[in-house]
Each structure stands twice: as structure tokens, then as C-alpha cells.
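Shown next: work_9.txt, given as compact mmCIF, N, CA and C atoms and all ligand atoms.
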```
# COMPACT_ATOMS: atom_id res chain seq x y z
N MET I 42 37.02 140.46 -52.45
CA MET I 42 37.08 140.54 -53.91
C MET I 42 35.65 140.52 -54.46
N SER I 43 35.35 141.46 -55.34
CA SER I 43 34.01 141.51 -55.91
C SER I 43 33.93 140.57 -57.10
N ASP I 44 32.70 140.33 -57.58
CA ASP I 44 32.51 139.47 -58.74
C ASP I 44 33.18 140.02 -59.98
N ASN I 45 33.35 141.34 -60.03
CA ASN I 45 33.98 141.96 -61.19
C ASN I 45 35.44 141.55 -61.34
N ASN I 46 36.01 141.02 -60.29
CA ASN I 46 37.41 140.64 -60.34
C ASN I 46 37.62 139.16 -60.63
N VAL I 47 36.54 138.46 -60.94
CA VAL I 47 36.64 137.04 -61.24
C VAL I 47 36.31 136.82 -62.71
N PRO I 48 37.24 136.23 -63.48
CA PRO I 48 36.94 135.96 -64.89
C PRO I 48 35.74 135.03 -64.99
N ARG I 49 34.93 135.28 -65.99
CA ARG I 49 33.77 134.40 -66.17
C ARG I 49 33.35 134.40 -67.64
N VAL I 50 32.55 133.46 -68.01
CA VAL I 50 32.08 133.36 -69.37
C VAL I 50 30.57 133.19 -69.35
N GLU I 51 29.92 133.77 -70.35
CA GLU I 51 28.47 133.65 -70.45
C GLU I 51 28.08 133.22 -71.86
N VAL I 52 27.19 132.26 -71.95
CA VAL I 52 26.66 131.82 -73.24
C VAL I 52 25.20 132.27 -73.33
N VAL I 53 24.85 132.86 -74.47
CA VAL I 53 23.46 133.25 -74.70
C VAL I 53 22.73 132.00 -75.23
N PRO I 54 21.86 131.44 -74.43
CA PRO I 54 21.24 130.14 -74.77
C PRO I 54 20.69 130.06 -76.18
N ASN I 55 19.94 131.06 -76.62
CA ASN I 55 19.27 130.95 -77.92
C ASN I 55 20.17 131.24 -79.12
N LEU I 56 21.44 131.57 -78.87
CA LEU I 56 22.36 131.78 -79.98
C LEU I 56 23.34 130.62 -80.15
N CYS I 57 23.36 129.75 -79.18
CA CYS I 57 24.30 128.62 -79.20
C CYS I 57 23.74 127.47 -80.03
N LYS I 58 24.59 126.90 -80.90
CA LYS I 58 24.17 125.77 -81.73
C LYS I 58 24.84 124.46 -81.31
N ALA I 59 25.39 124.49 -80.09
CA ALA I 59 25.91 123.26 -79.47
C ALA I 59 26.95 122.53 -80.31
N CYS I 60 27.79 123.29 -81.01
CA CYS I 60 28.80 122.64 -81.85
C CYS I 60 29.93 122.03 -81.02
N GLN I 61 30.02 122.42 -79.77
CA GLN I 61 31.01 121.88 -78.81
C GLN I 61 32.42 122.42 -79.01
N ARG I 62 32.61 123.34 -79.94
CA ARG I 62 33.98 123.85 -80.17
C ARG I 62 34.54 124.50 -78.92
N CYS I 63 33.71 125.26 -78.25
CA CYS I 63 34.20 125.93 -77.04
C CYS I 63 34.51 124.91 -75.94
N VAL I 64 33.70 123.89 -75.86
CA VAL I 64 33.91 122.86 -74.83
C VAL I 64 35.26 122.18 -75.05
N GLU I 65 35.53 121.83 -76.30
CA GLU I 65 36.77 121.13 -76.62
C GLU I 65 37.99 122.04 -76.49
N ALA I 66 37.79 123.33 -76.67
CA ALA I 66 38.92 124.27 -76.64
C ALA I 66 39.26 124.77 -75.24
N CYS I 67 38.37 124.59 -74.31
CA CYS I 67 38.58 125.14 -72.97
C CYS I 67 39.50 124.23 -72.15
N ALA I 68 40.71 124.68 -71.92
CA ALA I 68 41.70 123.86 -71.20
C ALA I 68 41.25 123.47 -69.79
N PRO I 69 40.68 124.39 -69.02
CA PRO I 69 40.24 124.01 -67.67
C PRO I 69 38.94 123.22 -67.64
N ALA I 70 38.38 122.97 -68.83
CA ALA I 70 37.13 122.19 -68.93
C ALA I 70 36.01 122.76 -68.08
N CYS I 71 35.76 124.05 -68.25
CA CYS I 71 34.71 124.66 -67.45
C CYS I 71 33.46 125.02 -68.26
N LEU I 72 33.34 124.44 -69.45
CA LEU I 72 32.12 124.60 -70.24
C LEU I 72 31.51 123.22 -70.47
N VAL I 73 30.22 123.12 -70.25
CA VAL I 73 29.53 121.84 -70.38
C VAL I 73 28.15 122.04 -71.00
N THR I 74 27.57 120.96 -71.49
CA THR I 74 26.19 121.02 -71.97
C THR I 74 25.27 121.22 -70.77
N ASN I 75 24.24 122.03 -70.95
CA ASN I 75 23.36 122.32 -69.82
C ASN I 75 22.79 121.03 -69.22
N THR I 76 22.77 121.02 -67.91
CA THR I 76 22.39 119.80 -67.20
C THR I 76 20.88 119.65 -67.04
N ASP I 77 20.14 120.64 -67.56
CA ASP I 77 18.68 120.57 -67.45
C ASP I 77 18.06 119.75 -68.60
N ARG I 78 18.91 119.32 -69.51
CA ARG I 78 18.44 118.61 -70.71
C ARG I 78 17.41 119.45 -71.46
N ALA I 79 17.65 120.75 -71.46
CA ALA I 79 16.73 121.67 -72.11
C ALA I 79 17.25 122.03 -73.50
N PHE I 80 16.34 122.40 -74.38
CA PHE I 80 16.69 122.77 -75.74
C PHE I 80 16.29 124.22 -75.98
N ASN I 81 17.13 124.95 -76.76
CA ASN I 81 16.83 126.35 -77.01
C ASN I 81 15.87 126.50 -78.20
N GLU I 82 15.63 127.75 -78.59
CA GLU I 82 14.66 128.02 -79.67
C GLU I 82 15.08 127.40 -81.00
N LEU I 83 16.37 127.14 -81.15
CA LEU I 83 16.87 126.55 -82.39
C LEU I 83 16.89 125.02 -82.32
N GLY I 84 16.56 124.51 -81.15
CA GLY I 84 16.52 123.06 -81.00
C GLY I 84 17.81 122.44 -80.51
N TYR I 85 18.70 123.27 -79.96
CA TYR I 85 19.99 122.76 -79.49
C TYR I 85 20.08 122.77 -77.96
N GLN I 86 20.80 121.81 -77.45
CA GLN I 86 21.12 121.80 -76.03
C GLN I 86 22.33 122.68 -75.83
N TRP I 87 22.12 123.87 -75.36
CA TRP I 87 23.18 124.86 -75.32
C TRP I 87 24.20 124.59 -74.22
N ILE I 88 25.28 125.34 -74.33
CA ILE I 88 26.42 125.19 -73.42
C ILE I 88 26.31 126.18 -72.26
N VAL I 89 26.77 125.76 -71.11
CA VAL I 89 26.77 126.64 -69.94
C VAL I 89 28.13 126.60 -69.25
N TYR I 90 28.38 127.61 -68.46
CA TYR I 90 29.60 127.69 -67.65
C TYR I 90 29.35 126.95 -66.34
N THR I 91 30.32 126.16 -65.94
CA THR I 91 30.16 125.41 -64.69
C THR I 91 30.15 126.34 -63.47
N GLY I 92 30.69 127.55 -63.68
CA GLY I 92 30.70 128.50 -62.58
C GLY I 92 32.04 128.62 -61.89
N HIS I 93 32.99 127.82 -62.33
CA HIS I 93 34.32 127.93 -61.73
C HIS I 93 35.39 127.45 -62.70
N GLY I 94 36.56 128.00 -62.57
CA GLY I 94 37.70 127.54 -63.37
C GLY I 94 38.07 128.41 -64.55
N CYS I 95 37.22 129.35 -64.92
CA CYS I 95 37.53 130.18 -66.09
C CYS I 95 38.71 131.10 -65.80
N THR I 96 39.67 131.10 -66.72
CA THR I 96 40.85 131.95 -66.57
C THR I 96 40.73 133.25 -67.34
N GLY I 97 39.67 133.36 -68.14
CA GLY I 97 39.50 134.55 -68.95
C GLY I 97 40.38 134.57 -70.19
N CYS I 98 40.84 133.39 -70.62
CA CYS I 98 41.78 133.32 -71.74
C CYS I 98 41.15 133.76 -73.06
N GLY I 99 39.85 133.59 -73.22
CA GLY I 99 39.16 134.04 -74.42
C GLY I 99 39.14 133.05 -75.57
N VAL I 100 39.75 131.89 -75.39
CA VAL I 100 39.81 130.91 -76.48
C VAL I 100 38.41 130.50 -76.95
N CYS I 101 37.51 130.30 -76.02
CA CYS I 101 36.15 129.89 -76.38
C CYS I 101 35.48 130.94 -77.27
N PHE I 102 35.73 132.19 -76.97
CA PHE I 102 35.16 133.27 -77.77
C PHE I 102 35.65 133.19 -79.21
N TYR I 103 36.95 132.95 -79.38
CA TYR I 103 37.53 132.94 -80.72
C TYR I 103 37.16 131.72 -81.54
N VAL I 104 36.87 130.60 -80.90
CA VAL I 104 36.52 129.40 -81.68
C VAL I 104 35.02 129.31 -81.97
N CYS I 105 34.22 130.12 -81.29
CA CYS I 105 32.77 130.05 -81.49
C CYS I 105 32.38 130.67 -82.83
N PRO I 106 31.69 129.92 -83.67
CA PRO I 106 31.30 130.43 -84.99
C PRO I 106 30.01 131.26 -84.98
N GLU I 107 29.35 131.31 -83.83
CA GLU I 107 28.07 132.02 -83.75
C GLU I 107 28.24 133.40 -83.12
N PRO I 108 28.09 134.47 -83.90
CA PRO I 108 28.28 135.82 -83.39
C PRO I 108 27.40 136.11 -82.17
N GLY I 109 28.03 136.54 -81.12
CA GLY I 109 27.29 136.94 -79.92
C GLY I 109 26.87 135.81 -79.01
N ALA I 110 27.24 134.58 -79.35
CA ALA I 110 26.78 133.45 -78.54
C ALA I 110 27.53 133.32 -77.23
N ILE I 111 28.78 133.78 -77.22
CA ILE I 111 29.59 133.59 -76.02
C ILE I 111 30.40 134.85 -75.73
N ALA I 112 30.47 135.20 -74.47
CA ALA I 112 31.21 136.39 -74.06
C ALA I 112 32.08 136.06 -72.86
N VAL I 113 33.28 136.60 -72.86
CA VAL I 113 34.22 136.37 -71.77
C VAL I 113 34.45 137.68 -71.04
N TYR I 114 34.34 137.63 -69.74
CA TYR I 114 34.59 138.82 -68.93
C TYR I 114 35.85 138.57 -68.13
N LYS I 115 36.88 139.35 -68.46
CA LYS I 115 38.17 139.15 -67.82
C LYS I 115 38.25 139.85 -66.48
N ARG I 116 39.22 139.41 -65.72
CA ARG I 116 39.48 140.04 -64.43
C ARG I 116 39.88 141.49 -64.66
N GLU I 117 39.37 142.35 -63.85
CA GLU I 117 39.78 143.75 -63.97
C GLU I 117 41.25 143.87 -63.62
N ARG I 118 41.91 144.76 -64.31
CA ARG I 118 43.33 144.95 -64.06
C ARG I 118 43.55 145.37 -62.61
N GLU I 119 44.46 144.67 -61.99
CA GLU I 119 44.72 145.00 -60.59
C GLU I 119 45.39 146.35 -60.47
N LYS I 120 44.96 147.09 -59.50
CA LYS I 120 45.55 148.40 -59.29
C LYS I 120 46.94 148.23 -58.67
N LYS I 121 47.88 148.93 -59.25
CA LYS I 121 49.24 148.84 -58.73
C LYS I 121 49.44 149.90 -57.64
N ALA I 122 50.22 149.53 -56.69
CA ALA I 122 50.52 150.48 -55.63
C ALA I 122 51.37 151.61 -56.21
N VAL I 123 51.03 152.82 -55.89
CA VAL I 123 51.77 153.97 -56.38
C VAL I 123 52.81 154.38 -55.34
N GLU I 124 54.01 154.64 -55.81
CA GLU I 124 55.17 155.06 -54.97
C GLU I 124 55.73 153.93 -54.14
S1 LIG I 201 37.73 132.07 -71.39
FE1 LIG I 201 39.16 130.32 -71.51
S2 LIG I 201 39.01 129.32 -69.49
FE2 LIG I 201 37.20 130.70 -69.70
S3 LIG I 201 35.57 129.36 -70.49
FE3 LIG I 201 36.59 130.34 -72.27
S4 LIG I 201 38.19 128.87 -72.93
FE4 LIG I 201 37.53 128.29 -70.86
S1 LIG I 202 31.29 127.32 -79.78
FE1 LIG I 202 29.54 128.75 -79.66
S2 LIG I 202 27.88 127.73 -80.78
FE2 LIG I 202 29.45 126.19 -80.37
S3 LIG I 202 28.79 125.22 -78.45
FE3 LIG I 202 30.17 126.88 -77.88
S4 LIG I 202 28.87 128.69 -77.51
FE4 LIG I 202 27.66 127.17 -78.63
```

So, in terms of C-alpha cells, how does the structure I just supplied come out?
Amino acid sequence: MSDNNVPRVEVVPNLCKACQRCVEACAPACLVTNTDRAFNELGYQWIVYTGHGCTGCGVCFYVCPEPGAIAVYKREREKKAVE
């Protein structure tokens, strides 16, 4: 299975304002504050994906108030066997 077939989420560090809405909304709890204790250009400790557990549900995308801060990449549709 290639990486394209695994749902994942990406946060753009400098667009995140660390409101935690995505963290609280993610059922599998796969979004966390960055563990580097680093701050972005806006002065916020941005959110990162733990790297596992994302189902591609998209809830984090819809609750995020910052345009472009978070993107969800869903699993590619599985090819169905023909005939
Ligand atoms: S897409 Fe769903 S499972 Fe994945 S990080 Fe966002 S809220 Fe969590
Ligand atoms: S909802 Fe958006 S702005 Fe808020 S912490 Fe998550 S990615 Fe950052």
C-alpha cells in the first residue's frame, strides 16, 4: 500500500493559531500541540499530526477557523474488481 492510500492530515505551521478546536474535535485524538515547544510566526504553538490514527473524516478541517491552516488527504477510492 502506498502513502497515497493512507488518510492523513497536515497543518501549515504559520497559519495555525492554536485554538485547539481541531484537537478537541478529532475522535481518534491524533492531533496534538507540537512537541518541540516551538512557536510560529504568529507566536502560537501550532498543532501537528501524530502520524497515525487519522480516518480522513474531515472534521478538523470543518472546525478550523483559519483558512488554509489544515488539510485532510483522504484514502484514494479503492479500485473495484471488474466482472
Ligand atoms: S480528518 Fe478526522 S481523524 Fe483525521 S485528524 Fe482530522 S478529525 Fe482527526
Ligand atoms: S483548528 Fe486550525 S487554527 Fe485551531 S488549532 Fe487546529 S489547525 Fe490550528

Exercise for review: Throw together the list of residues within 6 Å of ligand LIG 201 (chain I), counting all atoms listed in the file, and drop it here as a PyMOL selection string.
Suggested key: chain I and resi 49-50+66-72+94-102+113

Preceding selection exported with N, CA and C atoms as a PDB file, in the coordinates of the input:
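Listing of selection08.pdb after writing:
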```pdb
ATOM      1  N   ARG I  49      34.930 135.280 -65.990  1.00  0.00           N
ATOM      2  CA  ARG I  49      33.770 134.400 -66.170  1.00  0.00           C
ATOM      3  C   ARG I  49      33.350 134.400 -67.640  1.00  0.00           C
ATOM      4  N   VAL I  50      32.550 133.460 -68.010  1.00  0.00           N
ATOM      5  CA  VAL I  50      32.080 133.360 -69.370  1.00  0.00           C
ATOM      6  C   VAL I  50      30.570 133.190 -69.350  1.00  0.00           C
ATOM      7  N   ALA I  66      37.790 123.330 -76.670  1.00  0.00           N
ATOM      8  CA  ALA I  66      38.920 124.270 -76.640  1.00  0.00           C
ATOM      9  C   ALA I  66      39.260 124.770 -75.240  1.00  0.00           C
ATOM     10  N   CYS I  67      38.370 124.590 -74.310  1.00  0.00           N
ATOM     11  CA  CYS I  67      38.580 125.140 -72.970  1.00  0.00           C
ATOM     12  C   CYS I  67      39.500 124.230 -72.150  1.00  0.00           C
ATOM     13  N   ALA I  68      40.710 124.680 -71.920  1.00  0.00           N
ATOM     14  CA  ALA I  68      41.700 123.860 -71.200  1.00  0.00           C
ATOM     15  C   ALA I  68      41.250 123.470 -69.790  1.00  0.00           C
ATOM     16  N   PRO I  69      40.680 124.390 -69.020  1.00  0.00           N
ATOM     17  CA  PRO I  69      40.240 124.010 -67.670  1.00  0.00           C
ATOM     18  C   PRO I  69      38.940 123.220 -67.640  1.00  0.00           C
ATOM     19  N   ALA I  70      38.380 122.970 -68.830  1.00  0.00           N
ATOM     20  CA  ALA I  70      37.130 122.190 -68.930  1.00  0.00           C
ATOM     21  C   ALA I  70      36.010 122.760 -68.080  1.00  0.00           C
ATOM     22  N   CYS I  71      35.760 124.050 -68.250  1.00  0.00           N
ATOM     23  CA  CYS I  71      34.710 124.660 -67.450  1.00  0.00           C
ATOM     24  C   CYS I  71      33.460 125.020 -68.260  1.00  0.00           C
ATOM     25  N   LEU I  72      33.340 124.440 -69.450  1.00  0.00           N
ATOM     26  CA  LEU I  72      32.120 124.600 -70.240  1.00  0.00           C
ATOM     27  C   LEU I  72      31.510 123.220 -70.470  1.00  0.00           C
ATOM     28  N   GLY I  94      36.560 128.000 -62.570  1.00  0.00           N
ATOM     29  CA  GLY I  94      37.700 127.540 -63.370  1.00  0.00           C
ATOM     30  C   GLY I  94      38.070 128.410 -64.550  1.00  0.00           C
ATOM     31  N   CYS I  95      37.220 129.350 -64.920  1.00  0.00           N
ATOM     32  CA  CYS I  95      37.530 130.180 -66.090  1.00  0.00           C
ATOM     33  C   CYS I  95      38.710 131.100 -65.800  1.00  0.00           C
ATOM     34  N   THR I  96      39.670 131.100 -66.720  1.00  0.00           N
ATOM     35  CA  THR I  96      40.850 131.950 -66.570  1.00  0.00           C
ATOM     36  C   THR I  96      40.730 133.250 -67.340  1.00  0.00           C
ATOM     37  N   GLY I  97      39.670 133.360 -68.140  1.00  0.00           N
ATOM     38  CA  GLY I  97      39.500 134.550 -68.950  1.00  0.00           C
ATOM     39  C   GLY I  97      40.380 134.570 -70.190  1.00  0.00           C
ATOM     40  N   CYS I  98      40.840 133.390 -70.620  1.00  0.00           N
ATOM     41  CA  CYS I  98      41.780 133.320 -71.740  1.00  0.00           C
ATOM     42  C   CYS I  98      41.150 133.760 -73.060  1.00  0.00           C
ATOM     43  N   GLY I  99      39.850 133.590 -73.220  1.00  0.00           N
ATOM     44  CA  GLY I  99      39.160 134.040 -74.420  1.00  0.00           C
ATOM     45  C   GLY I  99      39.140 133.050 -75.570  1.00  0.00           C
ATOM     46  N   VAL I 100      39.750 131.890 -75.390  1.00  0.00           N
ATOM     47  CA  VAL I 100      39.810 130.910 -76.480  1.00  0.00           C
ATOM     48  C   VAL I 100      38.410 130.500 -76.950  1.00  0.00           C
ATOM     49  N   CYS I 101      37.510 130.300 -76.020  1.00  0.00           N
ATOM     50  CA  CYS I 101      36.150 129.890 -76.380  1.00  0.00           C
ATOM     51  C   CYS I 101      35.480 130.940 -77.270  1.00  0.00           C
ATOM     52  N   PHE I 102      35.730 132.190 -76.970  1.00  0.00           N
ATOM     53  CA  PHE I 102      35.160 133.270 -77.770  1.00  0.00           C
ATOM     54  C   PHE I 102      35.650 133.190 -79.210  1.00  0.00           C
ATOM     55  N   VAL I 113      33.280 136.600 -72.860  1.00  0.00           N
ATOM     56  CA  VAL I 113      34.220 136.370 -71.770  1.00  0.00           C
ATOM     57  C   VAL I 113      34.450 137.680 -71.040  1.00  0.00           C
TER      58      VAL I 113
END
```

Review point. With all atoms listed in the file as the basis for distance, which of I:Arg116, I:Asp77, I:Gly84, I:Gly109 is at the shortest distance from ligand LIG 202 (chain I)?
Key: I:Gly109

Review point. Looking only at the backbone, which of the residues in chain I does DSSP tag as alpha helix (DSSP H), as a list in words?
Key: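 Of chain I, only Arg62, Cys63, Val64, Glu65, Ala66, Val100, Cys101, Phe102, Tyr103 and Val104 of chain I fall in alpha helix (DSSP H).
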
**Study point:** Residue set, chain I restricted to strand (DSSP E or B), as a VMD selection string
**Key:** chain I and resid 49 to 52 72 to 74 88 to 90 111 to 114

Would you output that residue set with N, CA and C atoms, as a PDB file, in the frame of the given file?
```pdb
ATOM      1  N   ARG I  49      34.930 135.280 -65.990  1.00  0.00           N
ATOM      2  CA  ARG I  49      33.770 134.400 -66.170  1.00  0.00           C
ATOM      3  C   ARG I  49      33.350 134.400 -67.640  1.00  0.00           C
ATOM      4  N   VAL I  50      32.550 133.460 -68.010  1.00  0.00           N
ATOM      5  CA  VAL I  50      32.080 133.360 -69.370  1.00  0.00           C
ATOM      6  C   VAL I  50      30.570 133.190 -69.350  1.00  0.00           C
ATOM      7  N   GLU I  51      29.920 133.770 -70.350  1.00  0.00           N
ATOM      8  CA  GLU I  51      28.470 133.650 -70.450  1.00  0.00           C
ATOM      9  C   GLU I  51      28.080 133.220 -71.860  1.00  0.00           C
ATOM     10  N   VAL I  52      27.190 132.260 -71.950  1.00  0.00           N
ATOM     11  CA  VAL I  52      26.660 131.820 -73.240  1.00  0.00           C
ATOM     12  C   VAL I  52      25.200 132.270 -73.330  1.00  0.00           C
ATOM     13  N   LEU I  72      33.340 124.440 -69.450  1.00  0.00           N
ATOM     14  CA  LEU I  72      32.120 124.600 -70.240  1.00  0.00           C
ATOM     15  C   LEU I  72      31.510 123.220 -70.470  1.00  0.00           C
ATOM     16  N   VAL I  73      30.220 123.120 -70.250  1.00  0.00           N
ATOM     17  CA  VAL I  73      29.530 121.840 -70.380  1.00  0.00           C
ATOM     18  C   VAL I  73      28.150 122.040 -71.000  1.00  0.00           C
ATOM     19  N   THR I  74      27.570 120.960 -71.490  1.00  0.00           N
ATOM     20  CA  THR I  74      26.190 121.020 -71.970  1.00  0.00           C
ATOM     21  C   THR I  74      25.270 121.220 -70.770  1.00  0.00           C
ATOM     22  N   ILE I  88      25.280 125.340 -74.330  1.00  0.00           N
ATOM     23  CA  ILE I  88      26.420 125.190 -73.420  1.00  0.00           C
ATOM     24  C   ILE I  88      26.310 126.180 -72.260  1.00  0.00           C
ATOM     25  N   VAL I  89      26.770 125.760 -71.110  1.00  0.00           N
ATOM     26  CA  VAL I  89      26.770 126.640 -69.940  1.00  0.00           C
ATOM     27  C   VAL I  89      28.130 126.600 -69.250  1.00  0.00           C
ATOM     28  N   TYR I  90      28.380 127.610 -68.460  1.00  0.00           N
ATOM     29  CA  TYR I  90      29.600 127.690 -67.650  1.00  0.00           C
ATOM     30  C   TYR I  90      29.350 126.950 -66.340  1.00  0.00           C
ATOM     31  N   ILE I 111      28.780 133.780 -77.220  1.00  0.00           N
ATOM     32  CA  ILE I 111      29.590 133.590 -76.020  1.00  0.00           C
ATOM     33  C   ILE I 111      30.400 134.850 -75.730  1.00  0.00           C
ATOM     34  N   ALA I 112      30.470 135.200 -74.470  1.00  0.00           N
ATOM     35  CA  ALA I 112      31.210 136.390 -74.060  1.00  0.00           C
ATOM     36  C   ALA I 112      32.080 136.060 -72.860  1.00  0.00           C
ATOM     37  N   VAL I 113      33.280 136.600 -72.860  1.00  0.00           N
ATOM     38  CA  VAL I 113      34.220 136.370 -71.770  1.00  0.00           C
ATOM     39  C   VAL I 113      34.450 137.680 -71.040  1.00  0.00           C
ATOM     40  N   TYR I 114      34.340 137.630 -69.740  1.00  0.00           N
ATOM     41  CA  TYR I 114      34.590 138.820 -68.930  1.00  0.00           C
ATOM     42  C   TYR I 114      35.850 138.570 -68.130  1.00  0.00           C
TER      43      TYR I 114
END
```

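Closest approach to ligand LIG 202 (chain I) among I:Tyr114, I:Gly92, I:Cys105, I:Thr76 is made by I:Cys105 (distances from all atoms listed in the file).
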
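With distances restricted to all atoms listed in the file, I:Gln61 is the closest residue to ligand LIG 202 (chain I) from I:Asn46, I:Gln61, I:Glu82, I:Pro54.
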
Centre, x/y/z edge lengths, axis-aligned box for ligand LIG 202 (chain I) with 8 Å per side, as JSON:
```
{"center_x": 29.5, "center_y": 127.0, "center_z": -79.1, "size_x": 19.6, "size_y": 19.5, "size_z": 19.3}
```

**Study point:** Selected residue of minimal separation from ligand LIG 202 (chain I) among I:His93, I:Glu107, I:Asn75, I:Asn81, counting only N, CA and C atoms and all ligand atoms
**Key:**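 Smallest separation from ligand LIG 202 (chain I) among the options: I:Glu107.
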
Compile a residue-level contact table for chain I against ligand LIG 202 (chain I) at a cut-off of 8 Å, reporting for every qualifying residue the shortest atom pair and its distance in Å to one decimal, with all atoms listed in the file counted, rows ordered by chain and ascending number, as CSV.
```
residue,atom,partner,partner_atom,distance
I:Glu51,C,I:LIG202,S4,7.3
I:Val52,CA,I:LIG202,S4,5.7
I:Val53,N,I:LIG202,S4,6.5
I:Pro54,C,I:LIG202,FE4,7.9
I:Leu56,C,I:LIG202,S2,5.4
I:Cys57,CA,I:LIG202,FE4,3.7
I:Lys58,N,I:LIG202,S2,3.4
I:Ala59,CA,I:LIG202,S3,3.6
I:Cys60,N,I:LIG202,S3,3.4
I:Gln61,N,I:LIG202,S3,3.3
I:Arg62,N,I:LIG202,S1,4.2
I:Cys63,N,I:LIG202,S1,3.5
I:Val64,N,I:LIG202,FE3,5.0
I:Glu65,N,I:LIG202,FE3,7.5
I:Gln86,C,I:LIG202,S3,7.4
I:Trp87,CA,I:LIG202,FE4,6.0
I:Ile88,N,I:LIG202,FE4,5.2
I:Val89,N,I:LIG202,S4,7.3
I:Cys101,C,I:LIG202,S1,6.1
I:Phe102,N,I:LIG202,S1,7.2
I:Tyr103,C,I:LIG202,S1,7.5
I:Val104,C,I:LIG202,S1,4.8
I:Cys105,CA,I:LIG202,S1,3.5
I:Pro106,N,I:LIG202,S1,4.7
I:Glu107,N,I:LIG202,FE1,4.9
I:Pro108,N,I:LIG202,FE1,7.3
I:Gly109,C,I:LIG202,S4,7.5
I:Ala110,C,I:LIG202,S4,4.8
I:Ile111,N,I:LIG202,S4,5.1
I:Ala112,N,I:LIG202,S4,7.4
```

Exercise for review: For atom CA of I:Asn55 and atom C of I:Thr91, quote the distance in Å rounded to one decimal.
Suggested key: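 Straight-line distance from atom CA of I:Asn55 to atom C of I:Thr91 works out to 18.7 Å.
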
Check your understanding: Could you state the separation of atom C of I:Pro48 and atom C of I:Arg78 in Å, given to one decimal place?
Key ->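 These two atoms are separated by 24.9 Å.
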
**Study point:** For atom N of I:Val47 and atom N of I:Val73, the interatomic separation in Å (one decimal)
**Key:**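 Result for atom N of I:Val47 versus atom N of I:Val73: 19.0 Å, one decimal.
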